[in-house]
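Below: the structure, in structure tokens.
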Amino acid sequence: MNDLHARVAEYGGLSIKERLLIRFVRSRNIVGKGWRGVLAANDPFFNTKLGGDYLTSVAQAVSDSSRGNVDRIERVTIALEKVAGITPVPIV
């Protein structure tokens, strides 16, 4: 994520995955350190083993954008934006 400005300068834009991760980080910062618990309390899916795996996957993708499935990142990001009070916008 640290090289996003260099990537934009070199390639002229960000991938959908990178844009979702930026949105995720913004939402996570609004919700705070307990974001996983907040999501689990607000969406029953994230209170399951599979939902927990989604949360872990997205958290890992923040530090290594080669990790994480874009569909998982999208689901977590949209759910976290709702909890943070951000109106989700179209992905593409």
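Each chain in the structure tokens gets a letter, A, B and so on, in the order shown; residues start at 1 in every chain, and ligands are counted from 1 in the order they appear.
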Next item on the list: Mind checking which residues fall within 10 Å of Ala59 of chain A, counting only C-alpha atoms, ignoring those fewer than 6 positions away in the same chain, and posting them as a list in words?
Entry: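 Answer for this query is Leu21, Phe24, Val25, Arg28, Arg36, Asp53, Ser65, Arg67, Gly68, Ile73 and Val76 of chain A.
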Could those residues be written to a file, using N, CA and C atoms, as a short mmCIF file (atom, residue, chain, number, x, y, z; two decimals), in the first residue's frame?
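For reference, selection-v9.cif as written:
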```cif
data_model
loop_
_atom_site.label_atom_id
_atom_site.label_comp_id
_atom_site.auth_asym_id
_atom_site.auth_seq_id
_atom_site.Cartn_x
_atom_site.Cartn_y
_atom_site.Cartn_z
N LEU A 21 -9.09 -1.67 -1.07
CA LEU A 21 -8.26 -1.68 0.14
C LEU A 21 -8.15 -0.28 0.74
N PHE A 24 -11.35 0.22 2.49
CA PHE A 24 -11.37 -0.60 3.69
C PHE A 24 -10.60 0.09 4.82
N VAL A 25 -9.40 0.57 4.52
CA VAL A 25 -8.56 1.20 5.54
C VAL A 25 -9.25 2.45 6.10
N ARG A 28 -12.02 1.21 8.34
CA ARG A 28 -11.44 0.59 9.54
C ARG A 28 -10.97 1.68 10.51
N ARG A 36 -13.24 -5.76 13.94
CA ARG A 36 -13.69 -7.15 13.70
C ARG A 36 -14.91 -7.48 14.56
N ASP A 53 -12.57 -15.86 8.53
CA ASP A 53 -11.53 -16.05 7.51
C ASP A 53 -11.51 -14.87 6.53
N SER A 65 -0.73 -6.55 -0.76
CA SER A 65 -1.88 -6.49 -1.67
C SER A 65 -1.94 -7.66 -2.65
N ARG A 67 -2.10 -10.56 -1.60
CA ARG A 67 -2.97 -11.48 -0.87
C ARG A 67 -4.40 -10.98 -0.92
N GLY A 68 -5.32 -11.82 -0.58
CA GLY A 68 -6.72 -11.42 -0.48
C GLY A 68 -7.45 -11.48 -1.81
N ILE A 73 -12.58 -8.93 -0.26
CA ILE A 73 -12.28 -7.55 0.11
C ILE A 73 -13.51 -6.68 -0.09
N VAL A 76 -16.21 -7.40 2.75
CA VAL A 76 -15.82 -6.83 4.04
C VAL A 76 -15.86 -5.30 3.98
#
```
Item checked: Contacts of Ile22 of chain A within 12 Å, only C-alpha atoms, excl. fewer than 6 positions in-chain, as a PyMOL selection string -> chain A and resi 1-2+4+14-16+28-29+58-59+61-63+65+73-74+77+81+91
Can you spit out the residues from that selection as a compact mmCIF listing (two decimals), in the first residue's frame, using C-alpha atoms?
```txt
# COMPACT_ATOMS: atom_id res chain seq x y z
CA MET A 1 0.00 0.00 0.00
CA ASN A 2 2.95 2.34 0.49
CA LEU A 4 0.26 3.52 -4.36
CA LEU A 14 -5.23 1.83 -9.31
CA SER A 15 -6.72 -1.62 -9.65
CA ILE A 16 -10.15 -2.38 -8.22
CA ARG A 28 -11.44 0.59 9.54
CA ASN A 29 -9.92 3.82 10.85
CA VAL A 58 -8.63 -8.66 4.11
CA ALA A 59 -6.46 -7.58 7.04
CA ALA A 61 -4.20 -7.89 2.09
CA VAL A 62 -3.65 -4.43 3.57
CA SER A 63 0.01 -5.19 4.24
CA SER A 65 -1.88 -6.49 -1.67
CA ILE A 73 -12.28 -7.55 0.11
CA GLU A 74 -15.43 -6.12 -1.47
CA THR A 77 -15.32 -3.27 2.77
CA GLU A 81 -18.49 1.11 5.33
CA ILE A 91 -16.91 -0.55 -7.13
```
Checklist line | A:Ile78, A:Pro90, A:Gly85, A:Asp71 ranked by distance to Ile30 of chain A, top pick (using only C-alpha atoms) | finding: A:Gly85
Item checked: Atom pair atom CA of Phe46 of chain A / atom CA of Arg75 of chain A: separation (Å) ->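 Atom CA of Phe46 of chain A sits 10.3 Å away from atom CA of Arg75 of chain A.
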Select from segment 6-90 of chain A everything DSSP, run on the backbone, classes as helix (DSSP H, G or I), then give the selection as a compact mmCIF listing (two decimals) with C-alpha atoms, in the first residue's frame.
```
# COMPACT_ATOMS: atom_id res chain seq x y z
CA ALA A 6 4.27 5.57 -7.38
CA ARG A 7 1.90 3.11 -9.04
CA VAL A 8 -0.51 5.87 -9.99
CA ALA A 9 2.34 7.91 -11.45
CA GLU A 10 3.66 4.94 -13.41
CA TYR A 11 0.44 3.27 -14.58
CA ILE A 16 -10.15 -2.38 -8.22
CA LYS A 17 -8.46 -4.34 -5.45
CA GLU A 18 -6.25 -1.40 -4.51
CA ARG A 19 -9.20 1.00 -4.51
CA LEU A 20 -11.18 -1.38 -2.28
CA LEU A 21 -8.26 -1.68 0.14
CA ILE A 22 -8.06 2.12 0.40
CA ARG A 23 -11.77 2.23 1.18
CA PHE A 24 -11.37 -0.60 3.69
CA VAL A 25 -8.56 1.20 5.54
CA ARG A 26 -10.57 4.44 5.67
CA SER A 27 -13.58 2.57 7.12
CA ARG A 28 -11.44 0.59 9.54
CA ASN A 29 -9.92 3.82 10.85
CA ILE A 30 -13.39 5.27 11.49
CA VAL A 31 -14.64 2.14 13.29
CA TRP A 35 -13.52 -3.33 13.86
CA ARG A 36 -13.69 -7.15 13.70
CA GLY A 37 -15.95 -7.36 16.73
CA VAL A 38 -18.11 -4.53 15.46
CA LEU A 39 -18.59 -6.30 12.12
CA ALA A 40 -19.36 -9.60 13.84
CA ALA A 41 -21.95 -7.87 16.03
CA ASN A 42 -23.62 -6.14 13.07
CA PRO A 44 -24.08 -12.54 11.48
CA PHE A 45 -21.93 -13.77 8.58
CA PHE A 46 -18.80 -12.30 10.17
CA ASN A 47 -19.59 -14.15 13.39
CA LYS A 49 -15.62 -19.34 10.88
CA LEU A 50 -15.89 -18.42 7.19
CA GLY A 51 -16.67 -14.79 8.04
CA GLY A 52 -13.65 -14.69 10.34
CA ASP A 53 -11.53 -16.05 7.51
CA TYR A 54 -12.77 -13.18 5.31
CA LEU A 55 -11.73 -10.64 7.95
CA THR A 56 -8.28 -12.18 8.32
CA SER A 57 -7.80 -12.34 4.56
CA VAL A 58 -8.63 -8.66 4.11
CA ALA A 59 -6.46 -7.58 7.04
CA GLN A 60 -3.52 -9.46 5.49
CA ALA A 61 -4.20 -7.89 2.09
CA VAL A 62 -3.65 -4.43 3.57
CA SER A 63 0.01 -5.19 4.24
CA VAL A 70 -11.10 -9.12 -4.43
CA ASP A 71 -14.59 -10.52 -3.77
CA ARG A 72 -13.76 -11.03 -0.09
CA ILE A 73 -12.28 -7.55 0.11
CA GLU A 74 -15.43 -6.12 -1.47
CA ARG A 75 -17.78 -7.90 0.96
CA VAL A 76 -15.82 -6.83 4.04
CA THR A 77 -15.32 -3.27 2.77
CA ILE A 78 -19.00 -2.69 2.00
CA ALA A 79 -20.07 -4.14 5.37
CA LEU A 80 -17.49 -2.03 7.21
CA GLU A 81 -18.49 1.11 5.33
CA LYS A 82 -22.11 0.59 6.41
CA VAL A 83 -21.05 0.22 10.04
CA ALA A 84 -18.82 3.32 9.73
```
